[in-house]
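The block underneath contains the structure these notes are about, expressed in structure tokens.
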Amino acid sequence: MSNVARAVKPSKAGQVNMWVRAARRWAARFPLHAIIITISLLWMTPTVGLLVSSFRPRDAVRSTGWWTVFVNPFDFTQYTLENYVAVLTAQGMGRAFLNSLIIAVPSTLLPLALAALAAYAFAWMEFPGRQTLFAIVVGLLVVPLQMTLIPILRLYNQLGLSGTFLGIWLAHTGYGLPFAVYLLRNFFGALPRELFESAFLDGASWFTAFTRLALPLSVPALASLAIFQFLWVWNDLLVALIYLGGTERVAPLTVRLSTLVNSLGQNWELLTAAAFVSMALPLALFFSLQRYFVRGILAGSVKG
Amino acid sequence: MRRGGLLAWLYVGPTLLILAIYLVYPTLTTIYLSLLDKRSETFVGVDNYRWLFTSNAMRIAFRNNLLWLVVFTALTVSFGLLLAVLLDRVRYEALAKSTIFLPMAISFVGAGVIWRFMYAFRPPNTPQVGVLNAVLVGVFGRDPVGWLVERPINNFALIVAGVWIWTGFCMVILSAAYKGIPRDIIEAARVDGANEWQIFWRVILPLMKSTVAVVTTTMVINVLKVFDIVYVMTFGEFGTEVLANRMYKEMFQFRDFGRASAIAVVLLLAIVPVMLVNIRRFQEQEALR
């Protein structure tokens, strides 16, 4: 419709008419834009406040609100990096960052590898009890972590695994597996059957079909899953709190940050900087890999 | 399907072993522990459950979880739905969506710090550094409020932080479902003279019913286990206790493993219906495969 209108050169009266119509349409759509922009700004405010405060000197943070920097936003003398230096060294967030990495990387790779093997078998191999076992995995998806804490903690205390990285790697593997198996099994199962049949006719072994067919075809699913599991572990507080405790030597960012909330109280310039340190990596992942990121989180919504 | 033989067990074996150790064994053990005393030495029958349903502390926890269940679920799902429908009509949809989805990337601990700062309280006549109190004092000329201390407003303050995190999640899923509705159905309703309001309630919502149900279920499961936000922001003080935080306290403050186990069992029981629905849905899918 609009193409036709544009093709015919409008008369002067018609042009005025068009402007009136455009203005009316804009007026009609104004509330829509107003609502959306207001909500977006509201949603950004807390994060922006945190970010700004983390760069302000101690006295400024105590005497004025963070929004006052916007009077002269480009006056760079009002910003400082001192808070970051302080939290990374004196407050132990640097060590905690390292611990978070040490915890999160194996806690992502281990369940991913085991789940890929199991999901492949569940999708393409016939073996007794296959359906029942997979139904159990689906059931385990939503078991609340809380159900497992006490017995595993006692087991860990007996075996000397509490407070160790090995203990938390295995725990995250256990908690991450049901969802990982479930997701990958559905993905592998949806691959074309003929592909596998012709590979087997050509003499491919189970393992060759796994490494040469199933895995390469599932890269997007594996990437989404890896991001989801990594973030889940990175942002986890409960599991780390229970199995690692508050010892600074092994505590990840979340545990350290929650300790600082108690010890620093109203020292907002330090707390905001510490919080931002804990958020930096997830935010970088979010902005660089948004597509996989969103997909991973959506798929992971069912996790217990 | 080809037979995997013994090889199949090599593929699924490690996973099954870990699942047995980390999920099946502890779940069964916790159920048993909930029937024992605080040190898991003597059998006490349903004593822990009697405490669970009669003590004052637990009454507050149940009440708050219920409050979360109603307010948090209603707000996240309706905001998510509203944004899904509204954002579809503007060109900067992707940008606005990123803004609202961003809190999902942050840990709940980080979000807890962010919102403690939003709610920061300073005595009257000193400069307010928290946004909410600054607005209250500067714009409305009122006295500052201790958002995290004053009852019952502190529970709502915590719920707002939760809504800020999870709305983006609801929005993205509901938006995908909304975009899946054939445009001609909506156009046809418009041609027939329905206004946007009627179209939303009579056409769009009925078509999105199943997705709304899934999102709502997910939020309900979240609410039952809500822990981090409360732990960081109030530690359940000032009448903001919730089940999962109380369980943590029973374990590490009061060293009562019987009661802690009983709380976990209640959480599990609340989630069992969802578990059964999931398994049934999976079996229906398999029948079609």
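Chain identifiers are assigned as A, B, and so on, following the order in which chains appear in the structure tokens; residues are numbered from 1 within each chain, and ligands are numbered from 1 in order of appearance.
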Practice prompt. May I have the residues within 12 Å of Thr42 in chain B as number ranges by chain, using only C-alpha atoms and disregarding those fewer than 5 positions away in the same chain?
Written response: B: 32-37, 47, 258
Store the residues picked out above in a file with N, CA and C atoms, as a CSV table (one decimal), in the first residue's frame.
chain,number,residue,atom,x,y,z
B,32,TYR,N,15.1,-40.4,54.9
B,32,TYR,CA,15.3,-41.1,56.1
B,32,TYR,C,15.7,-40.2,57.3
B,33,LEU,N,16.7,-39.3,57.0
B,33,LEU,CA,17.2,-38.5,58.0
B,33,LEU,C,16.1,-37.6,58.6
B,34,SER,N,15.1,-37.2,57.8
B,34,SER,CA,14.1,-36.3,58.3
B,34,SER,C,13.3,-37.0,59.4
B,35,LEU,N,13.4,-38.3,59.6
B,35,LEU,CA,12.7,-39.0,60.6
B,35,LEU,C,13.6,-39.3,61.9
B,36,LEU,N,14.8,-38.8,61.8
B,36,LEU,CA,15.7,-38.9,63.0
B,36,LEU,C,15.9,-37.6,63.7
B,37,ASP,N,16.6,-37.7,64.9
B,37,ASP,CA,16.8,-36.5,65.7
B,37,ASP,C,17.9,-35.6,65.1
B,47,ASP,N,8.2,-36.1,64.4
B,47,ASP,CA,8.5,-35.0,65.2
B,47,ASP,C,9.0,-33.7,64.4
B,258,GLY,N,17.9,-33.2,61.4
B,258,GLY,CA,16.6,-33.8,61.2
B,258,GLY,C,15.7,-32.7,60.6
Taking only C-alpha atoms into account, produce a table as a Markdown table in which each residue of range 131-155 of chain B with an atom at most 12 Å from an atom of range 59-81 of chain A appears once, together with its shortest atom pair and the distance in Å to one decimal, ordered by chain and rising number.
| residue | atom | partner | partner_atom | distance |
| --- | --- | --- | --- | --- |
| B:Val131 | CA | A:Gly65 | CA | 7.7 |
| B:Leu132 | CA | A:Gly65 | CA | 11.0 |
| B:Asn133 | CA | A:Gly65 | CA | 10.5 |
| B:Ala134 | CA | A:Gly65 | CA | 7.9 |
| B:Val135 | CA | A:Gly65 | CA | 10.8 |
| B:Gly138 | CA | A:Gly65 | CA | 11.5 |
Please produce an output containing N, CA and C atoms for each residue in the selection, written as a short mmCIF file (atom, residue, chain, number, x, y, z; two decimals), in the first residue's frame.
data_model
loop_
_atom_site.label_atom_id
_atom_site.label_comp_id
_atom_site.auth_asym_id
_atom_site.auth_seq_id
_atom_site.Cartn_x
_atom_site.Cartn_y
_atom_site.Cartn_z
N VAL B 131 19.17 5.09 45.65
CA VAL B 131 18.25 5.75 44.71
C VAL B 131 16.85 5.88 45.31
N LEU B 132 16.34 4.80 45.91
CA LEU B 132 14.94 4.86 46.35
C LEU B 132 14.71 5.90 47.42
N ASN B 133 15.61 5.95 48.40
CA ASN B 133 15.43 6.94 49.46
C ASN B 133 15.70 8.34 48.95
N ALA B 134 16.63 8.50 48.00
CA ALA B 134 16.89 9.83 47.45
C ALA B 134 15.64 10.36 46.75
N VAL B 135 14.96 9.48 46.00
CA VAL B 135 13.73 9.90 45.33
C VAL B 135 12.67 10.24 46.37
N GLY B 138 14.03 13.55 48.12
CA GLY B 138 14.22 14.68 47.22
C GLY B 138 12.98 15.05 46.43
#
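Distances here use only C-alpha atoms; by that measure, the residue among B:Leu243, B:Leu75, B:Val265, B:Val160 closest to chain A is B:Val265.
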Worksheet item: Which residues come within 12 Å of Ile36 in chain A, counting only C-alpha atoms, excluding same-chain residues fewer than 3 positions away, as a count of residues only?
Response: 28
Discussion item. With 7 Å as the limit and counting only C-alpha atoms, what residues in chain A lie close to chain B? Please list them as an MDAnalysis selection string.
Written reply: chainID A and resid 40 43:44 46:47 50 63:65 114:115 117:118 121 124:127 135 138:139 142:144 146:148 151:152 171 174 235 237 254 258 275 278:279 282:283 286 301:302
Discussion item. I want to know what sits within 12 Å of Ala274 in chain A, based on only C-alpha atoms, with residues of the same chain fewer than 3 positions away left out; could you give that as an MDAnalysis selection string?
Written reply: (chainID A and resid 50:51 53:55 82:94 96:97 253:261 264 267:271 277:280) or (chainID B and resid 109:110 113:114)
Let me see the file: selected residues, C-alpha atoms, as a compact mmCIF listing (two decimals), in the first residue's frame.
# COMPACT_ATOMS: atom_id res chain seq x y z
CA LEU A 50 26.76 0.08 40.74
CA LEU A 51 29.21 0.67 37.91
CA SER A 53 29.89 4.08 42.27
CA SER A 54 32.67 1.54 41.87
CA PHE A 55 34.78 4.23 40.14
CA GLU A 82 41.57 2.74 43.77
CA ASN A 83 38.50 0.73 44.75
CA TYR A 84 39.37 -2.00 42.28
CA VAL A 85 42.97 -2.13 43.45
CA ALA A 86 41.72 -2.41 47.04
CA VAL A 87 39.17 -5.19 46.46
CA LEU A 88 41.43 -7.24 44.20
CA THR A 89 44.31 -7.23 46.67
CA ALA A 90 43.37 -6.36 50.26
CA GLN A 91 39.82 -7.74 50.09
CA GLY A 92 40.81 -10.97 48.36
CA MET A 93 38.63 -10.66 45.26
CA GLY A 94 41.66 -11.36 43.04
CA ALA A 96 38.47 -15.37 44.60
CA PHE A 97 38.40 -14.66 40.86
CA LEU A 253 33.68 -14.86 44.04
CA THR A 254 30.11 -15.39 45.19
CA VAL A 255 31.13 -16.66 48.62
CA ARG A 256 33.79 -13.97 49.07
CA LEU A 257 31.38 -11.24 47.98
CA SER A 258 28.70 -12.37 50.41
CA THR A 259 31.30 -12.32 53.20
CA LEU A 260 32.28 -8.78 52.21
CA VAL A 261 28.63 -7.69 52.38
CA LEU A 264 32.20 -3.98 54.71
CA ASN A 267 31.54 0.89 52.41
CA TRP A 268 29.71 1.10 49.10
CA GLU A 269 32.72 2.18 47.05
CA LEU A 270 34.39 -1.17 47.84
CA LEU A 271 31.27 -3.33 47.74
CA VAL A 277 34.52 -7.89 39.64
CA SER A 278 32.20 -10.86 40.18
CA MET A 279 29.99 -9.76 37.26
CA ALA A 280 32.68 -8.87 34.73
CA VAL B 109 24.81 -12.43 45.10
CA GLY B 110 25.85 -9.62 42.75
CA VAL B 113 24.63 -6.15 46.43
CA ILE B 114 23.14 -4.03 43.64
10 Å contact set for range 52-60 of chain B, only C-alpha atoms, chain neighbours under 2 positions out, as a tab-separated table (two decimals) with N, CA and C atoms, in the first residue's frame:
chain	number	residue	atom	x	y	z
B	46	VAL	N	7.54	-38.51	63.25
B	46	VAL	CA	7.20	-37.30	62.50
B	46	VAL	C	7.43	-36.03	63.30
B	47	ASP	N	8.23	-36.12	64.37
B	47	ASP	CA	8.48	-34.95	65.22
B	47	ASP	C	8.98	-33.74	64.44
B	48	ASN	N	9.93	-33.97	63.51
B	48	ASN	CA	10.46	-32.85	62.74
B	48	ASN	C	9.38	-32.19	61.89
B	49	TYR	N	8.49	-33.03	61.37
B	49	TYR	CA	7.41	-32.49	60.53
B	49	TYR	C	6.39	-31.75	61.39
B	50	ARG	N	6.19	-32.24	62.62
B	50	ARG	CA	5.27	-31.54	63.51
B	50	ARG	C	5.82	-30.14	63.80
B	62	PHE	N	6.99	-20.22	55.67
B	62	PHE	CA	5.93	-20.66	54.74
B	62	PHE	C	5.17	-19.45	54.20
B	63	ARG	N	4.84	-18.52	55.10
B	63	ARG	CA	4.09	-17.34	54.67
B	63	ARG	C	4.88	-16.58	53.60
B	64	ASN	N	6.19	-16.40	53.82
B	64	ASN	CA	6.98	-15.63	52.86
B	64	ASN	C	7.13	-16.35	51.53
B	65	ASN	N	7.33	-17.67	51.59
B	65	ASN	CA	7.41	-18.41	50.32
B	65	ASN	C	6.10	-18.27	49.55
B	66	LEU	N	4.98	-18.27	50.28
B	66	LEU	CA	3.68	-18.11	49.64
B	66	LEU	C	3.57	-16.72	49.03
B	236	GLY	N	17.39	-13.52	56.13
B	236	GLY	CA	16.14	-13.97	56.71
B	236	GLY	C	15.76	-13.27	58.00
B	239	GLY	N	11.77	-10.84	59.76
B	239	GLY	CA	10.57	-11.44	59.17
B	239	GLY	C	10.64	-11.70	57.69
B	240	THR	N	11.87	-11.90	57.13
B	240	THR	CA	11.96	-12.20	55.70
B	240	THR	C	12.40	-13.64	55.43
B	241	GLU	N	12.36	-14.49	56.45
B	241	GLU	CA	12.82	-15.88	56.30
B	241	GLU	C	12.10	-16.62	55.17
B	242	VAL	N	12.84	-17.47	54.46
B	242	VAL	CA	12.21	-18.38	53.49
B	242	VAL	C	12.72	-19.79	53.75
B	243	LEU	N	12.06	-20.80	53.15
B	243	LEU	CA	12.36	-22.20	53.46
B	243	LEU	C	13.84	-22.55	53.26
B	246	ARG	N	16.13	-21.01	55.79
B	246	ARG	CA	15.93	-21.62	57.10
B	246	ARG	C	16.65	-22.98	57.15
B	259	ARG	N	15.65	-31.54	61.26
B	259	ARG	CA	14.75	-30.50	60.79
B	259	ARG	C	15.15	-30.01	59.40
B	260	ALA	N	16.46	-29.82	59.18
B	260	ALA	CA	16.92	-29.39	57.86
B	260	ALA	C	16.46	-30.37	56.79
B	262	ALA	N	13.88	-32.36	56.93
B	262	ALA	CA	12.43	-32.28	56.77
B	262	ALA	C	12.06	-31.12	55.85
B	263	ILE	N	12.78	-29.99	55.98
B	263	ILE	CA	12.50	-28.85	55.10
B	263	ILE	C	12.77	-29.22	53.64
B	266	VAL	N	10.03	-31.30	52.20
B	266	VAL	CA	8.85	-30.51	51.83
B	266	VAL	C	9.06	-29.84	50.47
Discussion item. Just to confirm, what's the straight-line distance from CA of Leu148 in chain B to CA of Phe238 in chain B in Å (one decimal)?
Written reply: 8.0 Å
If we count only C-alpha atoms and set the cut-off at 12 Å, which residues sit around Gly180 in chain B, ignoring sequence neighbours fewer than 3 positions away in its own chain? Please answer as a PDB file with C-alpha atoms, in the first residue's frame.
ATOM      1  CA  ALA B  84       6.917  -9.499  24.722  1.00  0.00           C
ATOM      2  CA  VAL B  85       3.850  -7.933  23.115  1.00  0.00           C
ATOM      3  CA  ASP B  88       7.403  -6.592  19.027  1.00  0.00           C
ATOM      4  CA  ILE B 173      10.410 -17.180  26.169  1.00  0.00           C
ATOM      5  CA  LEU B 174       7.027 -15.476  25.868  1.00  0.00           C
ATOM      6  CA  SER B 175       8.314 -13.306  23.039  1.00  0.00           C
ATOM      7  CA  ALA B 176       9.338 -16.396  21.048  1.00  0.00           C
ATOM      8  CA  ALA B 177       5.842 -17.824  21.517  1.00  0.00           C
ATOM      9  CA  ARG B 183       0.077 -12.653  11.869  1.00  0.00           C
ATOM     10  CA  ASP B 184      -3.042 -13.178   9.716  1.00  0.00           C
ATOM     11  CA  ILE B 185      -5.017 -14.363  12.742  1.00  0.00           C
ATOM     12  CA  ILE B 186      -4.327 -11.058  14.491  1.00  0.00           C
ATOM     13  CA  ILE B 204      -3.188 -13.719  21.735  1.00  0.00           C
ATOM     14  CA  LEU B 207      -2.920 -19.015  21.784  1.00  0.00           C
ATOM     15  CA  MET B 208      -0.028 -18.553  24.229  1.00  0.00           C
ATOM     16  CA  THR B 211       3.859 -21.270  27.025  1.00  0.00           C
TER      17      THR B 211
END
